[in-house]
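Participant: I have a structure here, written as structure tokens, and I will follow up with some questions on it.
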Amino acid sequence: MKTTSILLSFDPKIETVSGKPFRDGLSSIAVIGETIWVTCDESVSIERLQLQKNGGYGGHTSFRVSDYVSLPVSEEYEIDIEGIDYDGNYLWIVGSHGLKRRKPKSTDKLDKQLLRLAEVEKDDNRYLLACIPVVPDKKGLPTLVKKHILNGSIFRAACMPFKKGTNSLMKALSKDKHFKDFLHIPGKDNGFDIEGLASYKNRLFIGLRGPVLRGWACILEVFVTEKNGVLILDKKTPYHKYFLDLQGMGIRELSFQQDALLILAGPTMDLDGTISVYKWKNALQQSSDCLMQSKDVQLLFDVPHGSGKDRGKDKAEGLAIIDKSVFIVYDSPKNTRLIRNTSVKADVIKLA
């Protein structure tokens, strides 16, 4: 596989909720023409970067999600956006939908460290599932709008109503025999944790980092319709469940390549290890719950990740298709990827 490094440059004046640089926590990516759209897991916005003459991406513009759909709580609380995708009309967005366990701080006394490790938090903004219309601006660049009319059809920014740490999808899953017991477990403990989204002609696929059930990862195809700015979950068939044998790994990101679904897979929970890209051929032909054996899901290649002194770094989180190549962005990039104070190297890997 031929790998090329591409430089992504961010505006230092634009900050995340926590003040964490965007380049240090990239969690998803989508491609629209000569722009890429990325998210950081500690933000409440979506970032657009434009293709530059040097082949990199810059001209950073930030779009706050709350300008298009309502959030249940203050923007002080991250959305933890873990998946975005563009389907020709909308940019789709999904939060992690998961609980989080607090991290012990080594500077605290033991009793306080133990107390933090026992505390589980629910951030309401994480339960976002939304779509926002995309149209060209005066310069021809794709931009987000609340409402757009095209050939008599109305496209509105819409989201699935959510508050108090739930929405209609989570309510449906609370009765599901595979997932109901995992909704009360933090994502880093193999609890319910969304990481990955792909949309194709009104079909919406959501990847789960967890739970992984005896080695089987899951993709949910969720059925929603938009009505007056609201995403309504189908009552008769809210979703299909596609279980895939990915050698014990969870799903980090999804992206369509025609009717095939490319899957970025990696360790679930808070583990560090192998990250791979798989190809599920004819994914769009699936129309009911299924189990896909390892022979039905093709391993394309492994993605290098941090090891040794760089253990826990270079965690591939976002994947998109550009022509016949895979565009990958990383959370916690190694120092060798960091350029100056605002830029980071992503990878473009040519498919065989």
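Letters A, B, ... mark the chains of the structure tokens in the order given; residue numbers begin at 1 per chain; ligand numbers begin at 1, in order shown.
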Set the distance at 8 Å and use only C-alpha atoms: which residues neighbour Gly191 of chain A once local chain neighbours fewer than 4 positions away are removed? I'd like the list as a ChimeraX atom specification.

Facilitator: /A:98-99,182-187,210-211,269

Participant: Keeping only C-alpha atoms, take the residues you just selected and write them out as a PDB file, in the first residue's frame.

Facilitator:
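Saved to part21.pdb:
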ATOM      1  CA  GLY A  98     -22.383   6.648  25.676  1.00  0.00           C
ATOM      2  CA  LEU A  99     -21.673   7.072  29.360  1.00  0.00           C
ATOM      3  CA  PHE A 182     -24.940  -2.420  27.961  1.00  0.00           C
ATOM      4  CA  LEU A 183     -26.688   0.958  27.932  1.00  0.00           C
ATOM      5  CA  HIS A 184     -25.846   1.526  31.607  1.00  0.00           C
ATOM      6  CA  ILE A 185     -22.148   0.677  31.151  1.00  0.00           C
ATOM      7  CA  PRO A 186     -19.581   3.354  30.158  1.00  0.00           C
ATOM      8  CA  GLY A 187     -18.179   3.072  26.653  1.00  0.00           C
ATOM      9  CA  GLY A 210     -18.887  -1.330  21.887  1.00  0.00           C
ATOM     10  CA  PRO A 211     -20.296  -3.571  22.968  1.00  0.00           C
ATOM     11  CA  MET A 269     -12.790  -0.141  25.634  1.00  0.00           C
TER      12      MET A 269
END

Participant: Identify, with DSSP run on backbone atoms, the residues in segment 136-292 of chain A assigned to helix (DSSP H, G or I), and express the list as a list in words.

Facilitator: Ser168, Leu169, Met170, Lys171, Ala172, Leu173, Lys180, Asp181, Phe182, Gly187, Lys188, Asp189, Ala283, Leu284 and Gln285 of chain A

Participant: In terms of the shortest atom-to-atom distance over only C-alpha atoms, which of A:Met292, A:Ile339, A:Val212, A:Val65 is closest to Gly248 of chain A?

Facilitator: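 When distances to Gly248 of chain A are compared using only C-alpha atoms, the smallest one comes from A:Val212.
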
Participant: Find the spatial neighbours of Leu169 of chain A, counting only C-alpha atoms, within a cut-off of 9 Å - ignore same-chain residues fewer than 2 positions away - and output them as a ChimeraX atom specification.

Facilitator: /A:160,166-167,171-174,222,233,238-239

Participant: Which polymer residues have any atom within 12 Å of an atom of Asp323 of chain A, counting only C-alpha atoms, with same-chain residues fewer than 6 positions away left out, as a PyMOL selection string?

Facilitator: chain A and resi 31-34+256-258+348-351

Participant: With segment 85-89 of chain A as the partner and 12 Å as the cut-off, tabulate the residues of segment 288-340 of chain A that qualify, each row holding the nearest pair of atoms and their distance in Å to one decimal, using only C-alpha atoms, sorted by chain and rising number, as a Markdown table.

Facilitator:
| residue | atom | partner | partner_atom | distance |
| --- | --- | --- | --- | --- |
| A:Gly318 | CA | A:Asp85 | CA | 10.6 |
| A:Leu319 | CA | A:Asp85 | CA | 10.1 |
| A:Ala320 | CA | A:Asp85 | CA | 8.6 |
| A:Ile321 | CA | A:Asp85 | CA | 10.8 |

Participant: Find, counting only C-alpha atoms, the residue in A:Lys100, A:Lys241, A:Phe155, A:Leu117 that gets nearest to Phe179 of chain A.

Facilitator: A:Lys241

Participant: Excluding segment 75-83 of chain A and any residue of its chain fewer than 3 positions from it, enumerate the residues within 6 Å of it, using only C-alpha atoms, and give them as a PyMOL selection string.

Facilitator: chain A and resi 17+27-28+41-44+93-96+125-126+195-197
